[in-house]
$ cat final30.txt   # compact mmCIF, C-alpha atoms
# COMPACT_ATOMS: atom_id res chain seq x y z
CA MET A 11 99.46 93.85 62.76
CA THR A 12 95.74 93.75 62.19
CA SER A 13 94.46 95.05 58.93
CA ARG A 14 91.52 97.38 58.86
CA VAL A 15 89.55 98.53 55.86
CA ARG A 16 89.64 102.27 55.42
CA ALA A 17 86.56 104.07 54.19
CA ARG A 18 87.08 105.22 50.62
CA SER A 19 88.00 108.89 50.35
CA ARG A 20 85.65 111.23 48.59
CA ARG A 21 86.81 112.99 45.47
CA GLY A 22 89.35 115.67 46.35
CA GLU A 23 90.44 114.06 49.64
CA GLY A 24 93.59 112.41 48.31
CA GLU A 25 95.77 114.61 50.50
CA ARG A 26 94.08 113.14 53.57
CA LEU A 27 95.05 109.62 52.45
CA ARG A 28 98.59 110.79 51.71
CA ARG A 29 98.77 112.21 55.25
CA GLU A 30 97.56 108.91 56.74
CA ILE A 31 100.13 106.99 54.70
CA LEU A 32 102.94 109.24 55.95
CA ASP A 33 101.74 109.03 59.56
CA LYS A 34 101.57 105.23 59.50
CA THR A 35 104.96 105.01 57.78
CA ALA A 36 106.52 107.22 60.46
CA ARG A 37 104.97 105.08 63.19
CA LEU A 38 106.20 101.87 61.59
CA LEU A 39 109.69 103.34 61.21
CA ALA A 40 109.67 104.37 64.86
CA LYS A 41 108.35 100.99 65.99
CA THR A 42 110.81 98.90 63.98
CA GLY A 43 113.76 101.30 63.96
CA ASP A 44 114.64 99.85 60.58
CA GLU A 45 113.49 101.03 57.19
CA GLU A 46 114.06 97.53 55.75
CA ALA A 47 111.33 96.24 58.09
CA VAL A 48 108.79 98.70 56.67
CA SER A 49 107.17 97.43 53.51
CA ILE A 50 104.56 98.94 51.22
CA ARG A 51 102.29 96.02 52.17
CA ALA A 52 102.72 96.75 55.92
CA VAL A 53 101.97 100.44 55.43
CA ALA A 54 98.93 99.66 53.29
CA SER A 55 97.66 97.23 55.92
CA ALA A 56 98.14 99.79 58.69
CA VAL A 57 96.25 102.44 56.70
CA GLY A 58 93.55 100.01 55.59
CA VAL A 59 94.10 100.30 51.84
CA THR A 60 95.57 98.09 49.15
CA PRO A 61 99.25 98.44 48.21
CA PRO A 62 98.46 100.03 44.82
CA SER A 63 96.83 102.92 46.73
CA ILE A 64 100.25 103.80 48.14
CA TYR A 65 101.72 104.08 44.64
CA ILE A 66 99.21 106.77 43.72
CA HIS A 67 101.02 109.05 46.19
CA PHE A 68 104.59 107.69 46.19
CA ALA A 69 106.59 106.30 43.28
CA ASP A 70 108.18 103.56 45.37
CA LYS A 71 109.21 102.55 48.87
CA ASP A 72 112.28 104.81 48.78
CA ALA A 73 110.12 107.86 48.00
CA LEU A 74 107.74 106.94 50.82
CA ILE A 75 110.55 106.45 53.36
CA ARG A 76 112.22 109.68 52.20
CA ALA A 77 108.99 111.68 52.64
CA ALA A 78 108.41 110.25 56.13
CA CYS A 79 112.00 110.99 57.13
CA GLU A 80 111.81 114.54 55.77
CA GLU A 81 108.83 115.17 58.03
CA THR A 82 110.74 113.80 61.00
CA PHE A 83 113.67 116.06 60.11
CA GLN A 84 111.25 118.99 60.26
CA LEU A 85 110.09 117.90 63.73
CA PHE A 86 113.73 117.54 64.78
CA ASP A 87 114.56 121.03 63.52
CA ALA A 88 111.50 122.55 65.24
CA PHE A 89 112.47 120.81 68.51
CA VAL A 90 115.99 122.27 68.40
CA GLU A 91 114.87 125.74 67.29
CA GLU A 92 112.29 125.92 70.08
CA ARG A 93 115.00 125.14 72.62
CA VAL A 94 117.32 127.91 71.38
CA ALA A 95 114.80 130.59 70.39
CA HIS A 96 114.91 132.44 73.72
CA ILE A 97 118.73 132.63 73.89
CA ALA A 98 120.26 135.86 72.57
CA ASP A 99 123.97 135.07 73.04
CA PRO A 100 125.14 133.06 70.01
CA THR A 101 127.70 131.05 71.99
CA GLN A 102 125.15 130.01 74.61
CA GLN A 103 122.70 129.30 71.81
CA LEU A 104 125.27 127.06 70.11
CA ALA A 105 125.84 125.10 73.32
CA GLU A 106 122.10 124.65 73.86
CA ARG A 107 121.68 123.63 70.21
CA GLY A 108 124.07 120.74 70.85
CA ARG A 109 122.26 119.70 74.03
CA ALA A 110 118.89 119.85 72.22
CA TYR A 111 120.23 117.71 69.38
CA ILE A 112 121.39 115.04 71.82
CA ASP A 113 118.14 115.29 73.78
CA PHE A 114 116.04 114.72 70.65
CA GLY A 115 118.06 111.62 69.76
CA VAL A 116 117.79 110.18 73.26
CA ARG A 117 114.04 110.91 73.47
CA HIS A 118 113.36 109.53 69.97
CA PRO A 119 115.97 106.81 69.43
CA GLU A 120 114.05 104.99 66.68
CA HIS A 121 113.61 108.17 64.67
CA TYR A 122 117.23 109.10 65.22
CA ARG A 123 118.44 105.70 64.02
CA VAL A 124 116.40 105.96 60.83
CA LEU A 125 117.36 109.60 60.21
CA PHE A 126 121.07 109.46 60.92
CA MET A 127 122.19 105.88 61.39
CA GLY A 128 120.13 103.98 58.84
CA LYS A 129 120.86 102.74 55.37
CA SER A 130 118.31 105.10 53.88
CA ARG A 131 118.86 107.14 50.81
CA ALA A 132 116.66 109.60 52.72
CA THR A 133 119.74 110.98 54.47
CA SER A 134 121.41 112.28 51.34
CA ASP A 135 123.50 115.44 51.56
CA ASP A 136 120.53 117.57 50.43
CA THR A 137 118.26 116.19 53.14
CA VAL A 138 120.81 116.52 55.92
CA THR A 139 121.77 120.08 55.05
CA GLU A 140 118.31 121.38 54.21
CA ALA A 141 115.77 119.52 56.29
CA SER A 142 117.71 118.73 59.44
CA GLY A 143 118.31 122.34 60.39
CA PHE A 144 121.98 122.20 59.45
CA ASP A 145 121.52 125.62 57.88
CA HIS A 146 120.48 126.90 61.33
CA LEU A 147 123.69 125.48 62.78
CA ILE A 148 125.78 127.21 60.11
CA ASP A 149 123.97 130.52 60.80
CA ASN A 150 124.60 130.10 64.53
CA VAL A 151 128.32 129.44 63.86
CA ARG A 152 128.46 132.58 61.68
CA ARG A 153 126.98 134.62 64.54
CA CYS A 154 129.62 133.18 66.90
CA ILE A 155 132.36 134.12 64.43
CA ASP A 156 130.91 137.63 64.12
CA ALA A 157 130.79 137.92 67.93
CA GLY A 158 134.42 136.79 68.18
CA SER A 159 133.69 133.66 70.23
CA ILE A 160 134.93 131.39 67.42
CA ALA A 161 138.08 132.23 65.50
CA ALA A 162 137.33 133.24 61.93
CA GLU A 163 137.12 130.00 60.00
CA ASP A 164 134.89 128.61 57.30
CA PRO A 165 131.46 128.33 59.01
CA MET A 166 130.74 125.11 57.08
CA VAL A 167 133.92 123.45 58.39
CA VAL A 168 133.21 124.51 61.98
CA ALA A 169 129.54 123.48 61.75
CA THR A 170 130.50 120.11 60.30
CA GLY A 171 132.95 119.52 63.14
CA LEU A 172 130.37 120.46 65.76
CA TRP A 173 127.72 118.31 64.09
CA THR A 174 130.15 115.38 64.02
CA LEU A 175 130.74 115.79 67.75
CA VAL A 176 127.08 115.85 68.80
CA HIS A 177 126.18 113.15 66.29
CA GLY A 178 128.85 110.89 67.78
CA ILE A 179 127.65 111.49 71.33
CA THR A 180 124.02 110.97 70.31
CA SER A 181 124.80 107.82 68.33
CA LEU A 182 126.56 106.33 71.34
CA ALA A 183 123.68 107.27 73.63
CA VAL A 184 121.16 105.71 71.21
CA SER A 185 123.21 102.60 70.43
CA VAL A 186 124.40 101.86 73.96
CA PRO A 187 121.48 102.28 76.38
CA GLY A 188 122.75 103.60 79.68
CA TYR A 189 125.79 105.17 78.06
CA PRO A 190 127.09 107.73 80.55
CA ALA A 191 125.57 111.15 79.99
CA VAL A 192 128.11 113.81 79.14
CA GLY A 193 126.92 116.85 81.04
CA LEU A 194 123.49 117.10 79.52
$ encode --input "final30.txt" --output "structure tokens"
Amino acid sequence: MTSRVRARSRRGEGERLRREILDKTARLLAKTGDEEAVSIRAVASAVGVTPPSIYIHFADKDALIRAACEETFQLFDAFVEERVAHIADPTQQLAERGRAYIDFGVRHPEHYRVLFMGKSRATSDDTVTEASGFDHLIDNVRRCIDAGSIAAEDPMVVATGLWTLVHGITSLAVSVPGYPAVGL
């Protein structure tokens, strides 16, 4: 990786540097597929700043990785929600939600590995349930229960089971290139 020197930000432009740091971190995560391979020094080099500049915006490497992953979770959620937005029937929407989840993982395997298969503390319960769109899945399950297409159960239990299913399929597809598609 070649290091470049970034022009010093003017007063009040710290958010721009923070944005660049997050963008480069996300790219390095995607490129390496492994958070352990992404160091503060590598991010600083990619941005064109010194490592201490990173610490102005992020307490440590874990905070930096967590912030980059949270942004990717938001992209993941937007991808899924865009795919299901036009579907009125909750059961059809639930089926498409699963296909979109798998599709995102297959299209972005490096991001998927870091988000759901990595060692990161970024995938804590709070992050998975809040940032990944899990709340949208629970709402969709509730609508299916209300419509009578799923027997009345605890929506969290049903959503967790469905998430486990699509996560397993996606993990296989990401981990084993060429894994047979399952009716996508």
$ closest_residue --input "final30.txt" --among "A:Gly143, A:Gly108, A:Pro62, A:Gly43" --to "A:Ala88" --atoms "all atoms listed in the file"
A:Gly143
$ closest_residue --input "final30.txt" --among "A:Ala47, A:Leu85, A:Ile31, A:Val151" --to "A:Phe68" --atoms "only C-alpha atoms"
A:Ile31
$ residues_around --input "final30.txt" --residues "A:Glu92" --least-positions-apart "6" --cutoff "12 Å" --atoms "all atoms listed in the file" --output "JSON, numbers by chain"
{"A": [85, 86, 103, 106, 107, 110, 111, 114, 143]}
$ atom_distance --input "final30.txt" --atom1 "atom CA of A:Asp33" --atom2 "atom CA of A:Arg76"
12.8 Å
$ residues_around --input "final30.txt" --residues "A:Pro190" --least-positions-apart "5" --cutoff "10 Å" --atoms "all atoms listed in the file" --output "list of chain:residue names"
A:Ile179, A:Leu182, A:Ala183
$ residues_around --input "final30.txt" --residues "A:Pro100" --least-positions-apart "5" --cutoff "8 Å" --atoms "only C-alpha atoms" --output "JSON, numbers by chain"
{"A": [150, 151, 153, 154, 157]}
$ atom_distance --input "final30.txt" --atom1 "atom CA of A:Asp72" --atom2 "atom CA of A:Ser185"
24.4 Å
$ atom_distance --input "final30.txt" --atom1 "atom CA of A:Thr180" --atom2 "atom CA of A:Gly115"
6.0 Å
$ closest_residue --input "final30.txt" --among "A:Arg123, A:His96, A:Lys71, A:Arg109" --to "A:Leu32" --atoms "all atoms listed in the file"
A:Lys71
$ closest_residue --input "final30.txt" --among "A:Val48, A:Leu104, A:Tyr122, A:Met127" --to "A:Leu172" --atoms "all atoms listed in the file"
A:Leu104
$ residues_around --input "final30.txt" --residues "A:Lys34" --least-positions-apart "4" --cutoff "10 Å" --atoms "all atoms listed in the file" --output "ChimeraX atom specification"
/A:29-30,38-40,52-57,78
$ residues_near_point --input "final30.txt" --point "(115.0, 129.0, 64.1)" --cutoff "10 Å" --atoms "only C-alpha atoms" --output "PDB file with C-alpha atoms, keeping the file's coordinate frame"
ATOM      1  CA  ASP A  87     114.560 121.030  63.520  1.00  0.00           C
ATOM      2  CA  ALA A  88     111.500 122.550  65.240  1.00  0.00           C
ATOM      3  CA  PHE A  89     112.470 120.810  68.510  1.00  0.00           C
ATOM      4  CA  VAL A  90     115.990 122.270  68.400  1.00  0.00           C
ATOM      5  CA  GLU A  91     114.870 125.740  67.290  1.00  0.00           C
ATOM      6  CA  GLU A  92     112.290 125.920  70.080  1.00  0.00           C
ATOM      7  CA  ARG A  93     115.000 125.140  72.620  1.00  0.00           C
ATOM      8  CA  VAL A  94     117.320 127.910  71.380  1.00  0.00           C
ATOM      9  CA  ALA A  95     114.800 130.590  70.390  1.00  0.00           C
ATOM     10  CA  GLY A 143     118.310 122.340  60.390  1.00  0.00           C
ATOM     11  CA  ASP A 145     121.520 125.620  57.880  1.00  0.00           C
ATOM     12  CA  HIS A 146     120.480 126.900  61.330  1.00  0.00           C
ATOM     13  CA  LEU A 147     123.690 125.480  62.780  1.00  0.00           C
ATOM     14  CA  ASP A 149     123.970 130.520  60.800  1.00  0.00           C
ATOM     15  CA  ASN A 150     124.600 130.100  64.530  1.00  0.00           C
TER      16      ASN A 150
END
$ closest_residue --input "final30.txt" --among "A:Ala73, A:Val184, A:Ile97, A:Ile155" --to "A:Ile50" --atoms "all atoms listed in the file"
A:Ala73
$ closest_residue --input "final30.txt" --among "A:Glu120, A:Asp156, A:Glu163, A:Asp99" --to "A:Asp44" --atoms "only C-alpha atoms"
A:Glu120
$ residues_around --input "final30.txt" --residues "A:Ile66" --least-positions-apart "4" --cutoff "10 Å" --atoms "all atoms listed in the file" --output "NGL selection string"
:A and (24 or 28 or 61-62 or 70)
